[in-house]
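A.B. asks: For reference, the structure I am asking about is given below.
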Amino acid sequence: MSTRMINAVFPSPPARRPVLLMTLGSFTLGTDAFLVSGVLPEVGDDLGVSVGTAGLLITVFAAVYAVAGPLLAVGTGSLDRRRVLMYSLVGFVLANLLAAAATDYTVMMVARVLAALSAAMYMPSASSSAATIVAPAERGRALTAILGGLTLASALGVPLGTVIANFVNWRAAFVFVAALSLVALVGLARALPAVPSAGVASLAARARAAVLPGVPSILLGSLMTYAAMFGLYAYLAWFVDKTAGIDGGALTWVYLVYGVCGVVSNFAAGWLIDHFPPQRIAVLSTTLLVGVMGLLAVLARYGGDNATTVVCLFALTVLWSLIGWTVNPAQQKRLVNAGGEHTQVVLSLSGSAVYAGQALGSLAGGLVLGHGAFALGLTGLGLQVLTLAVMGFSLRGGRGRKAAAGAPAQAAPASEPSKS
């Protein structure tokens, strides 16, 4: 990365190094969260459980994150942010080493719960620390870098993890994640100064923010968006094997294509939601995804182990990722508009909604695996249709509120960001 690119992405010294290390931490957490999907069949075989049962590792991780995130944020709200980051990274290192050494399914499940708790502690603290240690004019850049680590993980971290799993075994992939976490831990222990807590919104304040006009339906839309995505993505390795005979090293290319297109889509989404109403982007993308999911279901029903099916599968993966990753940025912009002075709190609620959706989708997908790839494709399609219905309801509700008010709704101005 050139000096010009570093200056554009990361804040100026002396905050640059700790922000870079916190970005490495978020990259590591993102890699871990998505990695299990790529090695799910191998994990199931090694631990003596079905792929559907192994998929509960994804479901439980996401569910624990969704529930524990707000509780841990409140419980650790008075602690120094540096200390919370250290605790979370130590837990994450131990969780991934435990996963690598797991001798049975129960131990592996304990490892995933510990990883989820650690990740739920890390992300809010990293965002808060990054915003605190940089100059006010660089806060947006710092927060973008931290969240960019998650996006980059889907493009590079997961394919790299599947390569390691293919050349060594799935356990080595978790050792790799633990090693990256240890680098972030040691680096932050040396580079990050004490970061006093600026306070955190109470559970009551979060509950009040969750029922602001427009917020519940937007959060439900985000939940369903990720339910529809993870209904298929959680079992993508199994799906592409059953549909087109893609496994081993070729599987890495599926995840790489999906991840790279996701990064491109995220950049494009930023431009789109700045030039078009975000609700229009969310509904249009969701509508297009219904078609993509339908074609994936058709491919699962009529495809086979041949070149035509492989080409179609890669083409649909490109479309799925390019379209799908525009939805969440649009939903985030909608929450900003609806949240007003409570923007930071409603955005933190979005994280719980996203992970709750991942838990719901992976659970639904796991329940139908025994009926074949076509059933999994239909499940993804059904969840996508429900998502579109929720998006449409949300859009109509927003129009109704504007009509009742007699003027376009605008976000309330905020002199300071709310506590999250």
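Residue numbering restarts at 1 in every chain; chains get A, B, ... in the order shown in the structure tokens, and ligands count up from 1 in that same order.
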Residues at most 10 Å from range 169-186 of chain A, counting only C-alpha atoms, excluding those fewer than 2 positions away in the same chain, as a PDB file with N, CA, C and O atoms, in the first residue's frame?
C.D. replies:
```pdb
ATOM      1  N   PRO A  18      -2.149   2.606  16.193  1.00  0.00           N
ATOM      2  CA  PRO A  18      -3.202   1.879  16.916  1.00  0.00           C
ATOM      3  C   PRO A  18      -4.459   1.644  16.087  1.00  0.00           C
ATOM      4  O   PRO A  18      -5.096   0.591  16.207  1.00  0.00           O
ATOM      5  N   LEU A  20      -4.529   1.195  12.848  1.00  0.00           N
ATOM      6  CA  LEU A  20      -4.169   0.102  11.939  1.00  0.00           C
ATOM      7  C   LEU A  20      -4.249  -1.244  12.658  1.00  0.00           C
ATOM      8  O   LEU A  20      -4.766  -2.228  12.111  1.00  0.00           O
ATOM      9  N   LEU A  21      -3.791  -1.294  13.901  1.00  0.00           N
ATOM     10  CA  LEU A  21      -3.823  -2.542  14.667  1.00  0.00           C
ATOM     11  C   LEU A  21      -5.266  -2.923  15.033  1.00  0.00           C
ATOM     12  O   LEU A  21      -5.621  -4.108  15.017  1.00  0.00           O
ATOM     13  N   MET A  22      -6.087  -1.926  15.345  1.00  0.00           N
ATOM     14  CA  MET A  22      -7.499  -2.228  15.619  1.00  0.00           C
ATOM     15  C   MET A  22      -8.203  -2.709  14.361  1.00  0.00           C
ATOM     16  O   MET A  22      -9.108  -3.549  14.423  1.00  0.00           O
ATOM     17  N   THR A  23      -7.794  -2.195  13.205  1.00  0.00           N
ATOM     18  CA  THR A  23      -8.337  -2.679  11.935  1.00  0.00           C
ATOM     19  C   THR A  23      -7.931  -4.132  11.703  1.00  0.00           C
ATOM     20  O   THR A  23      -8.734  -4.943  11.217  1.00  0.00           O
ATOM     21  N   LEU A  24      -6.687  -4.463  12.063  1.00  0.00           N
ATOM     22  CA  LEU A  24      -6.258  -5.866  11.980  1.00  0.00           C
ATOM     23  C   LEU A  24      -7.130  -6.740  12.876  1.00  0.00           C
ATOM     24  O   LEU A  24      -7.529  -7.848  12.491  1.00  0.00           O
ATOM     25  N   GLY A  25      -7.459  -6.218  14.061  1.00  0.00           N
ATOM     26  CA  GLY A  25      -8.342  -6.972  14.950  1.00  0.00           C
ATOM     27  C   GLY A  25      -9.710  -7.195  14.345  1.00  0.00           C
ATOM     28  O   GLY A  25     -10.255  -8.305  14.412  1.00  0.00           O
ATOM     29  N   SER A  26     -10.295  -6.161  13.725  1.00  0.00           N
ATOM     30  CA  SER A  26     -11.611  -6.339  13.116  1.00  0.00           C
ATOM     31  C   SER A  26     -11.539  -7.262  11.903  1.00  0.00           C
ATOM     32  O   SER A  26     -12.464  -8.035  11.641  1.00  0.00           O
ATOM     33  N   PHE A  27     -10.420  -7.202  11.159  1.00  0.00           N
ATOM     34  CA  PHE A  27     -10.213  -8.136  10.047  1.00  0.00           C
ATOM     35  C   PHE A  27     -10.185  -9.579  10.561  1.00  0.00           C
ATOM     36  O   PHE A  27     -10.789 -10.482   9.973  1.00  0.00           O
ATOM     37  N   THR A  28      -9.513  -9.779  11.684  1.00  0.00           N
ATOM     38  CA  THR A  28      -9.412 -11.112  12.274  1.00  0.00           C
ATOM     39  C   THR A  28     -10.776 -11.613  12.727  1.00  0.00           C
ATOM     40  O   THR A  28     -11.139 -12.772  12.475  1.00  0.00           O
ATOM     41  N   LEU A  29     -11.536 -10.736  13.382  1.00  0.00           N
ATOM     42  CA  LEU A  29     -12.862 -11.133  13.836  1.00  0.00           C
ATOM     43  C   LEU A  29     -13.780 -11.451  12.661  1.00  0.00           C
ATOM     44  O   LEU A  29     -14.561 -12.415  12.705  1.00  0.00           O
ATOM     45  N   GLY A  30     -13.690 -10.647  11.599  1.00  0.00           N
ATOM     46  CA  GLY A  30     -14.507 -10.909  10.426  1.00  0.00           C
ATOM     47  C   GLY A  30     -14.144 -12.224   9.753  1.00  0.00           C
ATOM     48  O   GLY A  30     -15.010 -12.979   9.318  1.00  0.00           O
ATOM     49  N   THR A  31     -12.834 -12.490   9.682  1.00  0.00           N
ATOM     50  CA  THR A  31     -12.383 -13.756   9.103  1.00  0.00           C
ATOM     51  C   THR A  31     -12.935 -14.930   9.887  1.00  0.00           C
ATOM     52  O   THR A  31     -13.441 -15.907   9.323  1.00  0.00           O
ATOM     53  N   ASP A  32     -12.865 -14.834  11.204  1.00  0.00           N
ATOM     54  CA  ASP A  32     -13.350 -15.915  12.061  1.00  0.00           C
ATOM     55  C   ASP A  32     -14.849 -16.122  11.896  1.00  0.00           C
ATOM     56  O   ASP A  32     -15.332 -17.260  11.822  1.00  0.00           O
ATOM     57  N   LEU A  35     -15.372 -17.658   8.393  1.00  0.00           N
ATOM     58  CA  LEU A  35     -14.528 -18.804   8.048  1.00  0.00           C
ATOM     59  C   LEU A  35     -15.242 -20.137   8.201  1.00  0.00           C
ATOM     60  O   LEU A  35     -15.056 -21.052   7.393  1.00  0.00           O
ATOM     61  N   VAL A  36     -16.054 -20.251   9.229  1.00  0.00           N
ATOM     62  CA  VAL A  36     -16.682 -21.542   9.538  1.00  0.00           C
ATOM     63  C   VAL A  36     -17.474 -22.063   8.346  1.00  0.00           C
ATOM     64  O   VAL A  36     -17.513 -23.273   8.084  1.00  0.00           O
ATOM     65  N   GLY A  38     -16.790 -21.880   5.218  1.00  0.00           N
ATOM     66  CA  GLY A  38     -15.922 -22.499   4.226  1.00  0.00           C
ATOM     67  C   GLY A  38     -15.386 -23.860   4.613  1.00  0.00           C
ATOM     68  O   GLY A  38     -14.976 -24.633   3.739  1.00  0.00           O
ATOM     69  N   VAL A  39     -15.352 -24.142   5.918  1.00  0.00           N
ATOM     70  CA  VAL A  39     -14.782 -25.428   6.370  1.00  0.00           C
ATOM     71  C   VAL A  39     -15.839 -26.288   7.052  1.00  0.00           C
ATOM     72  O   VAL A  39     -15.508 -27.299   7.682  1.00  0.00           O
ATOM     73  N   LEU A  40     -17.111 -25.928   6.906  1.00  0.00           N
ATOM     74  CA  LEU A  40     -18.175 -26.612   7.635  1.00  0.00           C
ATOM     75  C   LEU A  40     -18.237 -28.115   7.358  1.00  0.00           C
ATOM     76  O   LEU A  40     -18.346 -28.908   8.311  1.00  0.00           O
ATOM     77  N   PRO A  41     -18.174 -28.563   6.091  1.00  0.00           N
ATOM     78  CA  PRO A  41     -18.219 -30.010   5.868  1.00  0.00           C
ATOM     79  C   PRO A  41     -17.068 -30.756   6.551  1.00  0.00           C
ATOM     80  O   PRO A  41     -17.272 -31.836   7.121  1.00  0.00           O
ATOM     81  N   GLU A  42     -15.853 -30.182   6.506  1.00  0.00           N
ATOM     82  CA  GLU A  42     -14.696 -30.827   7.130  1.00  0.00           C
ATOM     83  C   GLU A  42     -14.844 -30.861   8.647  1.00  0.00           C
ATOM     84  O   GLU A  42     -14.504 -31.860   9.294  1.00  0.00           O
ATOM     85  N   VAL A  43     -15.344 -29.779   9.232  1.00  0.00           N
ATOM     86  CA  VAL A  43     -15.561 -29.744  10.682  1.00  0.00           C
ATOM     87  C   VAL A  43     -16.567 -30.812  11.084  1.00  0.00           C
ATOM     88  O   VAL A  43     -16.369 -31.547  12.059  1.00  0.00           O
ATOM     89  N   ASP A  46     -14.986 -34.321  10.845  1.00  0.00           N
ATOM     90  CA  ASP A  46     -13.971 -34.569  11.873  1.00  0.00           C
ATOM     91  C   ASP A  46     -14.590 -34.741  13.257  1.00  0.00           C
ATOM     92  O   ASP A  46     -14.123 -35.553  14.064  1.00  0.00           O
ATOM     93  N   LEU A  85     -10.466  -3.859  25.175  1.00  0.00           N
ATOM     94  CA  LEU A  85      -9.869  -4.420  23.964  1.00  0.00           C
ATOM     95  C   LEU A  85      -8.896  -5.544  24.298  1.00  0.00           C
ATOM     96  O   LEU A  85      -8.872  -6.579  23.612  1.00  0.00           O
ATOM     97  N   MET A  86      -8.110  -5.361  25.334  1.00  0.00           N
ATOM     98  CA  MET A  86      -7.163  -6.413  25.716  1.00  0.00           C
ATOM     99  C   MET A  86      -7.911  -7.678  26.157  1.00  0.00           C
ATOM    100  O   MET A  86      -7.567  -8.791  25.746  1.00  0.00           O
ATOM    101  N   TYR A  87      -8.933  -7.498  26.993  1.00  0.00           N
ATOM    102  CA  TYR A  87      -9.714  -8.648  27.451  1.00  0.00           C
ATOM    103  C   TYR A  87     -10.333  -9.387  26.265  1.00  0.00           C
ATOM    104  O   TYR A  87     -10.299 -10.635  26.198  1.00  0.00           O
ATOM    105  N   SER A  88     -10.911  -8.633  25.340  1.00  0.00           N
ATOM    106  CA  SER A  88     -11.608  -9.270  24.227  1.00  0.00           C
ATOM    107  C   SER A  88     -10.636 -10.023  23.320  1.00  0.00           C
ATOM    108  O   SER A  88     -10.944 -11.134  22.853  1.00  0.00           O
ATOM    109  N   LEU A  89      -9.458  -9.459  23.058  1.00  0.00           N
ATOM    110  CA  LEU A  89      -8.494 -10.136  22.186  1.00  0.00           C
ATOM    111  C   LEU A  89      -7.885 -11.359  22.863  1.00  0.00           C
ATOM    112  O   LEU A  89      -7.625 -12.373  22.205  1.00  0.00           O
ATOM    113  N   VAL A  90      -7.658 -11.290  24.177  1.00  0.00           N
ATOM    114  CA  VAL A  90      -7.184 -12.485  24.892  1.00  0.00           C
ATOM    115  C   VAL A  90      -8.229 -13.593  24.770  1.00  0.00           C
ATOM    116  O   VAL A  90      -7.905 -14.753  24.484  1.00  0.00           O
ATOM    117  N   GLY A  91      -9.496 -13.237  24.982  1.00  0.00           N
ATOM    118  CA  GLY A  91     -10.561 -14.227  24.842  1.00  0.00           C
ATOM    119  C   GLY A  91     -10.636 -14.796  23.444  1.00  0.00           C
ATOM    120  O   GLY A  91     -10.883 -15.998  23.250  1.00  0.00           O
ATOM    121  N   PHE A  92     -10.389 -13.953  22.441  1.00  0.00           N
ATOM    122  CA  PHE A  92     -10.482 -14.399  21.061  1.00  0.00           C
ATOM    123  C   PHE A  92      -9.337 -15.348  20.701  1.00  0.00           C
ATOM    124  O   PHE A  92      -9.538 -16.336  19.994  1.00  0.00           O
ATOM    125  N   VAL A  93      -8.144 -15.051  21.192  1.00  0.00           N
ATOM    126  CA  VAL A  93      -7.013 -15.954  20.968  1.00  0.00           C
ATOM    127  C   VAL A  93      -7.309 -17.320  21.583  1.00  0.00           C
ATOM    128  O   VAL A  93      -7.142 -18.372  20.943  1.00  0.00           O
ATOM    129  N   LEU A  94      -7.761 -17.316  22.831  1.00  0.00           N
ATOM    130  CA  LEU A  94      -8.062 -18.579  23.514  1.00  0.00           C
ATOM    131  C   LEU A  94      -9.186 -19.339  22.819  1.00  0.00           C
ATOM    132  O   LEU A  94      -9.129 -20.566  22.693  1.00  0.00           O
ATOM    133  N   ALA A  95     -10.210 -18.615  22.355  1.00  0.00           N
ATOM    134  CA  ALA A  95     -11.347 -19.264  21.695  1.00  0.00           C
ATOM    135  C   ALA A  95     -10.911 -19.992  20.434  1.00  0.00           C
ATOM    136  O   ALA A  95     -11.332 -21.130  20.170  1.00  0.00           O
ATOM    137  N   ASN A  96     -10.047 -19.374  19.635  1.00  0.00           N
ATOM    138  CA  ASN A  96      -9.630 -19.997  18.387  1.00  0.00           C
ATOM    139  C   ASN A  96      -8.624 -21.119  18.606  1.00  0.00           C
ATOM    140  O   ASN A  96      -8.625 -22.099  17.846  1.00  0.00           O
ATOM    141  N   LEU A  97      -7.795 -21.005  19.626  1.00  0.00           N
ATOM    142  CA  LEU A  97      -6.915 -22.131  19.960  1.00  0.00           C
ATOM    143  C   LEU A  97      -7.734 -23.316  20.474  1.00  0.00           C
ATOM    144  O   LEU A  97      -7.425 -24.478  20.159  1.00  0.00           O
ATOM    145  N   LEU A  98      -8.782 -23.023  21.254  1.00  0.00           N
ATOM    146  CA  LEU A  98      -9.660 -24.092  21.729  1.00  0.00           C
ATOM    147  C   LEU A  98     -10.380 -24.750  20.561  1.00  0.00           C
ATOM    148  O   LEU A  98     -10.525 -25.978  20.513  1.00  0.00           O
ATOM    149  N   ALA A  99     -10.828 -23.950  19.585  1.00  0.00           N
ATOM    150  CA  ALA A  99     -11.478 -24.517  18.399  1.00  0.00           C
ATOM    151  C   ALA A  99     -10.514 -25.406  17.631  1.00  0.00           C
ATOM    152  O   ALA A  99     -10.892 -26.491  17.151  1.00  0.00           O
ATOM    153  N   ALA A 100      -9.265 -24.970  17.489  1.00  0.00           N
ATOM    154  CA  ALA A 100      -8.276 -25.753  16.752  1.00  0.00           C
ATOM    155  C   ALA A 100      -7.990 -27.084  17.440  1.00  0.00           C
ATOM    156  O   ALA A 100      -7.658 -28.077  16.779  1.00  0.00           O
ATOM    157  N   ALA A 101      -8.116 -27.105  18.770  1.00  0.00           N
ATOM    158  CA  ALA A 101      -7.796 -28.316  19.532  1.00  0.00           C
ATOM    159  C   ALA A 101      -9.026 -29.142  19.882  1.00  0.00           C
ATOM    160  O   ALA A 101      -8.907 -30.187  20.537  1.00  0.00           O
ATOM    161  N   ALA A 102     -10.207 -28.701  19.447  1.00  0.00           N
ATOM    162  CA  ALA A 102     -11.455 -29.355  19.845  1.00  0.00           C
ATOM    163  C   ALA A 102     -11.468 -30.821  19.443  1.00  0.00           C
ATOM    164  O   ALA A 102     -11.197 -31.166  18.290  1.00  0.00           O
ATOM    165  N   GLY A 157      -9.813 -12.650   3.915  1.00  0.00           N
ATOM    166  CA  GLY A 157      -9.625 -13.512   5.081  1.00  0.00           C
ATOM    167  C   GLY A 157     -10.219 -14.890   4.912  1.00  0.00           C
ATOM    168  O   GLY A 157      -9.574 -15.906   5.191  1.00  0.00           O
ATOM    169  N   VAL A 158     -11.467 -14.939   4.441  1.00  0.00           N
ATOM    170  CA  VAL A 158     -12.132 -16.233   4.301  1.00  0.00           C
ATOM    171  C   VAL A 158     -11.481 -17.103   3.212  1.00  0.00           C
ATOM    172  O   VAL A 158     -11.213 -18.290   3.445  1.00  0.00           O
ATOM    173  N   LEU A 160      -8.405 -17.002   2.229  1.00  0.00           N
ATOM    174  CA  LEU A 160      -7.110 -17.409   2.768  1.00  0.00           C
ATOM    175  C   LEU A 160      -7.272 -18.527   3.786  1.00  0.00           C
ATOM    176  O   LEU A 160      -6.489 -19.483   3.811  1.00  0.00           O
ATOM    177  N   GLY A 161      -8.311 -18.410   4.614  1.00  0.00           N
ATOM    178  CA  GLY A 161      -8.574 -19.474   5.582  1.00  0.00           C
ATOM    179  C   GLY A 161      -8.911 -20.795   4.916  1.00  0.00           C
ATOM    180  O   GLY A 161      -8.466 -21.860   5.364  1.00  0.00           O
ATOM    181  N   THR A 162      -9.682 -20.756   3.814  1.00  0.00           N
ATOM    182  CA  THR A 162     -10.020 -21.998   3.115  1.00  0.00           C
ATOM    183  C   THR A 162      -8.797 -22.593   2.418  1.00  0.00           C
ATOM    184  O   THR A 162      -8.675 -23.821   2.314  1.00  0.00           O
ATOM    185  N   VAL A 163      -7.885 -21.729   1.942  1.00  0.00           N
ATOM    186  CA  VAL A 163      -6.639 -22.238   1.354  1.00  0.00           C
ATOM    187  C   VAL A 163      -5.830 -22.988   2.410  1.00  0.00           C
ATOM    188  O   VAL A 163      -5.321 -24.093   2.161  1.00  0.00           O
ATOM    189  N   ILE A 164      -5.705 -22.399   3.588  1.00  0.00           N
ATOM    190  CA  ILE A 164      -4.971 -23.054   4.674  1.00  0.00           C
ATOM    191  C   ILE A 164      -5.634 -24.378   5.030  1.00  0.00           C
ATOM    192  O   ILE A 164      -4.963 -25.399   5.227  1.00  0.00           O
ATOM    193  N   ALA A 165      -6.975 -24.370   5.100  1.00  0.00           N
ATOM    194  CA  ALA A 165      -7.696 -25.602   5.430  1.00  0.00           C
ATOM    195  C   ALA A 165      -7.482 -26.676   4.373  1.00  0.00           C
ATOM    196  O   ALA A 165      -7.357 -27.868   4.697  1.00  0.00           O
ATOM    197  N   ASN A 166      -7.411 -26.279   3.103  1.00  0.00           N
ATOM    198  CA  ASN A 166      -7.217 -27.250   2.030  1.00  0.00           C
ATOM    199  C   ASN A 166      -5.809 -27.832   2.028  1.00  0.00           C
ATOM    200  O   ASN A 166      -5.620 -29.022   1.762  1.00  0.00           O
ATOM    201  N   PHE A 167      -4.803 -26.978   2.300  1.00  0.00           N
ATOM    202  CA  PHE A 167      -3.421 -27.443   2.256  1.00  0.00           C
ATOM    203  C   PHE A 167      -2.990 -28.123   3.545  1.00  0.00           C
ATOM    204  O   PHE A 167      -2.087 -28.975   3.527  1.00  0.00           O
ATOM    205  N   LEU A 188      -1.395  -3.691  20.116  1.00  0.00           N
ATOM    206  CA  LEU A 188      -2.209  -2.699  20.817  1.00  0.00           C
ATOM    207  C   LEU A 188      -1.746  -2.505  22.254  1.00  0.00           C
ATOM    208  O   LEU A 188      -1.835  -1.391  22.798  1.00  0.00           O
ATOM    209  N   ALA A 189      -1.257  -3.564  22.890  1.00  0.00           N
ATOM    210  CA  ALA A 189      -0.734  -3.436  24.252  1.00  0.00           C
ATOM    211  C   ALA A 189       0.418  -2.442  24.306  1.00  0.00           C
ATOM    212  O   ALA A 189       0.608  -1.742  25.312  1.00  0.00           O
ATOM    213  N   ARG A 190       1.167  -2.337  23.211  1.00  0.00           N
ATOM    214  CA  ARG A 190       2.312  -1.420  23.167  1.00  0.00           C
ATOM    215  C   ARG A 190       1.962  -0.060  22.579  1.00  0.00           C
ATOM    216  O   ARG A 190       2.553   0.955  22.950  1.00  0.00           O
ATOM    217  N   ALA A 191       1.014  -0.008  21.654  1.00  0.00           N
ATOM    218  CA  ALA A 191       0.777   1.227  20.908  1.00  0.00           C
ATOM    219  C   ALA A 191      -0.410   2.042  21.401  1.00  0.00           C
ATOM    220  O   ALA A 191      -0.460   3.253  21.161  1.00  0.00           O
TER     221      ALA A 191
END
```
A.B. asks: Considering only C-alpha atoms, return as a PyMOL selection string whatever protein or nucleic-acid residues lie within 10 Å of Leu219 in chain A, sequence-local ones (same chain, fewer than 6 positions apart) excluded.
C.D. replies: chain A and resi 210+225+331-332+334-335+346-347+349-354+394
A.B. asks: Quick one: residues within 10 Å of Gly392 in chain A, only C-alpha atoms, excluding same-chain residues fewer than 3 positions away - as an mmCIF file with all heavy atoms, in the first residue's frame?
C.D. replies:
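Saved file out_29.cif follows:
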```cif
data_model
loop_
_atom_site.group_PDB
_atom_site.id
_atom_site.type_symbol
_atom_site.label_atom_id
_atom_site.label_comp_id
_atom_site.auth_asym_id
_atom_site.auth_seq_id
_atom_site.Cartn_x
_atom_site.Cartn_y
_atom_site.Cartn_z
ATOM 1 N N SER A 217 -39.104 -1.099 11.832
ATOM 2 C CA SER A 217 -39.241 -1.745 10.529
ATOM 3 C C SER A 217 -37.910 -1.784 9.778
ATOM 4 O O SER A 217 -37.633 -2.744 9.044
ATOM 5 C CB SER A 217 -40.306 -1.032 9.692
ATOM 6 O OG SER A 217 -39.957 0.328 9.479
ATOM 7 N N GLY A 221 -35.977 -5.120 8.632
ATOM 8 C CA GLY A 221 -35.478 -5.305 7.273
ATOM 9 C C GLY A 221 -34.026 -5.753 7.252
ATOM 10 O O GLY A 221 -33.639 -6.620 6.462
ATOM 11 N N GLN A 279 -33.800 4.216 0.767
ATOM 12 C CA GLN A 279 -34.879 3.232 0.766
ATOM 13 C C GLN A 279 -35.118 2.666 -0.629
ATOM 14 O O GLN A 279 -35.468 1.496 -0.793
ATOM 15 C CB GLN A 279 -36.172 3.844 1.326
ATOM 16 C CG GLN A 279 -36.725 5.024 0.561
ATOM 17 C CD GLN A 279 -36.182 6.347 1.074
ATOM 18 O OE1 GLN A 279 -35.106 6.395 1.654
ATOM 19 N NE2 GLN A 279 -36.945 7.420 0.852
ATOM 20 N N ALA A 282 -32.368 0.060 -1.188
ATOM 21 C CA ALA A 282 -32.628 -1.150 -0.414
ATOM 22 C C ALA A 282 -33.709 -2.011 -1.062
ATOM 23 O O ALA A 282 -33.560 -3.232 -1.191
ATOM 24 C CB ALA A 282 -33.019 -0.782 1.015
ATOM 25 N N VAL A 283 -34.802 -1.372 -1.499
ATOM 26 C CA VAL A 283 -35.918 -2.127 -2.089
ATOM 27 C C VAL A 283 -35.536 -2.680 -3.460
ATOM 28 O O VAL A 283 -35.832 -3.845 -3.779
ATOM 29 C CB VAL A 283 -37.174 -1.242 -2.184
ATOM 30 C CG1 VAL A 283 -38.272 -1.951 -2.969
ATOM 31 C CG2 VAL A 283 -37.673 -0.898 -0.785
ATOM 32 N N THR A 286 -33.103 -5.597 -3.021
ATOM 33 C CA THR A 286 -33.804 -6.761 -2.484
ATOM 34 C C THR A 286 -34.665 -7.429 -3.551
ATOM 35 O O THR A 286 -34.751 -8.670 -3.623
ATOM 36 C CB THR A 286 -34.666 -6.353 -1.279
ATOM 37 O OG1 THR A 286 -33.831 -5.730 -0.293
ATOM 38 C CG2 THR A 286 -35.341 -7.560 -0.655
ATOM 39 N N THR A 287 -35.282 -6.624 -4.392
ATOM 40 C CA THR A 287 -36.085 -7.169 -5.491
ATOM 41 C C THR A 287 -35.223 -7.965 -6.464
ATOM 42 O O THR A 287 -35.585 -9.083 -6.873
ATOM 43 C CB THR A 287 -36.788 -6.027 -6.254
ATOM 44 O OG1 THR A 287 -37.603 -5.271 -5.356
ATOM 45 C CG2 THR A 287 -37.649 -6.576 -7.375
ATOM 46 N N LEU A 386 -39.624 -12.894 1.793
ATOM 47 C CA LEU A 386 -40.068 -12.294 3.053
ATOM 48 C C LEU A 386 -39.350 -10.975 3.309
ATOM 49 O O LEU A 386 -39.951 -10.010 3.805
ATOM 50 C CB LEU A 386 -39.813 -13.267 4.213
ATOM 51 C CG LEU A 386 -40.730 -14.481 4.303
ATOM 52 C CD1 LEU A 386 -40.278 -15.402 5.435
ATOM 53 C CD2 LEU A 386 -42.175 -14.036 4.537
ATOM 54 N N THR A 387 -38.062 -10.923 2.975
ATOM 55 C CA THR A 387 -37.305 -9.685 3.138
ATOM 56 C C THR A 387 -37.888 -8.569 2.288
ATOM 57 O O THR A 387 -38.033 -7.428 2.745
ATOM 58 C CB THR A 387 -35.821 -9.901 2.756
ATOM 59 O OG1 THR A 387 -35.283 -10.973 3.538
ATOM 60 C CG2 THR A 387 -35.003 -8.646 2.995
ATOM 61 N N LEU A 388 -38.234 -8.896 1.057
ATOM 62 C CA LEU A 388 -38.835 -7.905 0.166
ATOM 63 C C LEU A 388 -40.161 -7.404 0.732
ATOM 64 O O LEU A 388 -40.461 -6.197 0.675
ATOM 65 C CB LEU A 388 -39.039 -8.502 -1.225
ATOM 66 C CG LEU A 388 -39.647 -7.566 -2.279
ATOM 67 C CD1 LEU A 388 -38.786 -6.322 -2.476
ATOM 68 C CD2 LEU A 388 -39.811 -8.317 -3.606
ATOM 69 N N ALA A 389 -40.944 -8.309 1.302
ATOM 70 C CA ALA A 389 -42.221 -7.904 1.896
ATOM 71 C C ALA A 389 -41.996 -6.944 3.062
ATOM 72 O O ALA A 389 -42.706 -5.936 3.209
ATOM 73 C CB ALA A 389 -42.990 -9.138 2.365
ATOM 74 N N LEU A 395 -41.223 0.766 3.662
ATOM 75 C CA LEU A 395 -41.297 1.914 2.759
ATOM 76 C C LEU A 395 -42.672 2.572 2.817
ATOM 77 O O LEU A 395 -42.795 3.796 2.878
ATOM 78 C CB LEU A 395 -40.982 1.459 1.334
ATOM 79 C CG LEU A 395 -40.801 2.553 0.284
ATOM 80 C CD1 LEU A 395 -39.683 3.493 0.670
ATOM 81 C CD2 LEU A 395 -40.524 1.926 -1.079
ATOM 82 N N ARG A 396 -43.739 1.774 2.822
ATOM 83 C CA ARG A 396 -45.094 2.328 2.908
ATOM 84 C C ARG A 396 -45.321 3.040 4.229
ATOM 85 O O ARG A 396 -45.950 4.092 4.293
ATOM 86 C CB ARG A 396 -46.135 1.224 2.720
ATOM 87 C CG ARG A 396 -46.237 0.718 1.288
ATOM 88 C CD ARG A 396 -47.503 -0.098 1.107
ATOM 89 N NE ARG A 396 -47.509 -1.265 1.972
ATOM 90 C CZ ARG A 396 -46.979 -2.442 1.641
ATOM 91 N NH1 ARG A 396 -46.395 -2.585 0.459
ATOM 92 N NH2 ARG A 396 -47.034 -3.456 2.464
ATOM 93 N N GLY A 397 -44.754 2.457 5.307
ATOM 94 C CA GLY A 397 -44.884 3.086 6.622
ATOM 95 C C GLY A 397 -44.210 4.438 6.665
ATOM 96 O O GLY A 397 -44.718 5.399 7.247
ATOM 97 N N GLY A 398 -43.037 4.538 6.021
ATOM 98 C CA GLY A 398 -42.322 5.810 5.982
ATOM 99 C C GLY A 398 -43.111 6.862 5.218
ATOM 100 O O GLY A 398 -43.186 8.022 5.623
#
```
A.B. asks: Mind checking DSSP for range 168-242 of chain A and telling me the alpha helix (DSSP H) residues as a ChimeraX atom specification?
C.D. replies: /A:170-191,203-210,215-233,236-242
A.B. asks: Please compute the CA of Gly382 in chain A-CA of Ser154 in chain A distance, one decimal, in Å.
C.D. replies: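 Result for CA of Gly382 in chain A versus CA of Ser154 in chain A: 24.5 Å, one decimal.
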A.B. asks: One number please: CA of Thr53 in chain A to CA of Gly357 in chain A, in Å, one decimal.
C.D. replies: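 Spanning CA of Thr53 in chain A to CA of Gly357 in chain A is a straight-line distance of 18.3 Å.
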A.B. asks: I'd like to know which of A:Tyr235, A:Trp253, A:Tyr122, A:Phe267 is closest to Leu363 in chain A, using only C-alpha atoms.
C.D. replies: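 So, comparing all the options, the nearest one is A:Tyr235.
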A.B. asks: Counting only C-alpha atoms, what is within 12 Å of Asn306 in chain A, bar same-chain residues fewer than 5 positions away, as a list of chain:residue names?
C.D. replies: A:Asp241, A:Lys242, A:Thr243, A:Ala244, A:Gly245, A:Ile246, A:Leu299, A:Val311, A:Cys312, A:Leu313
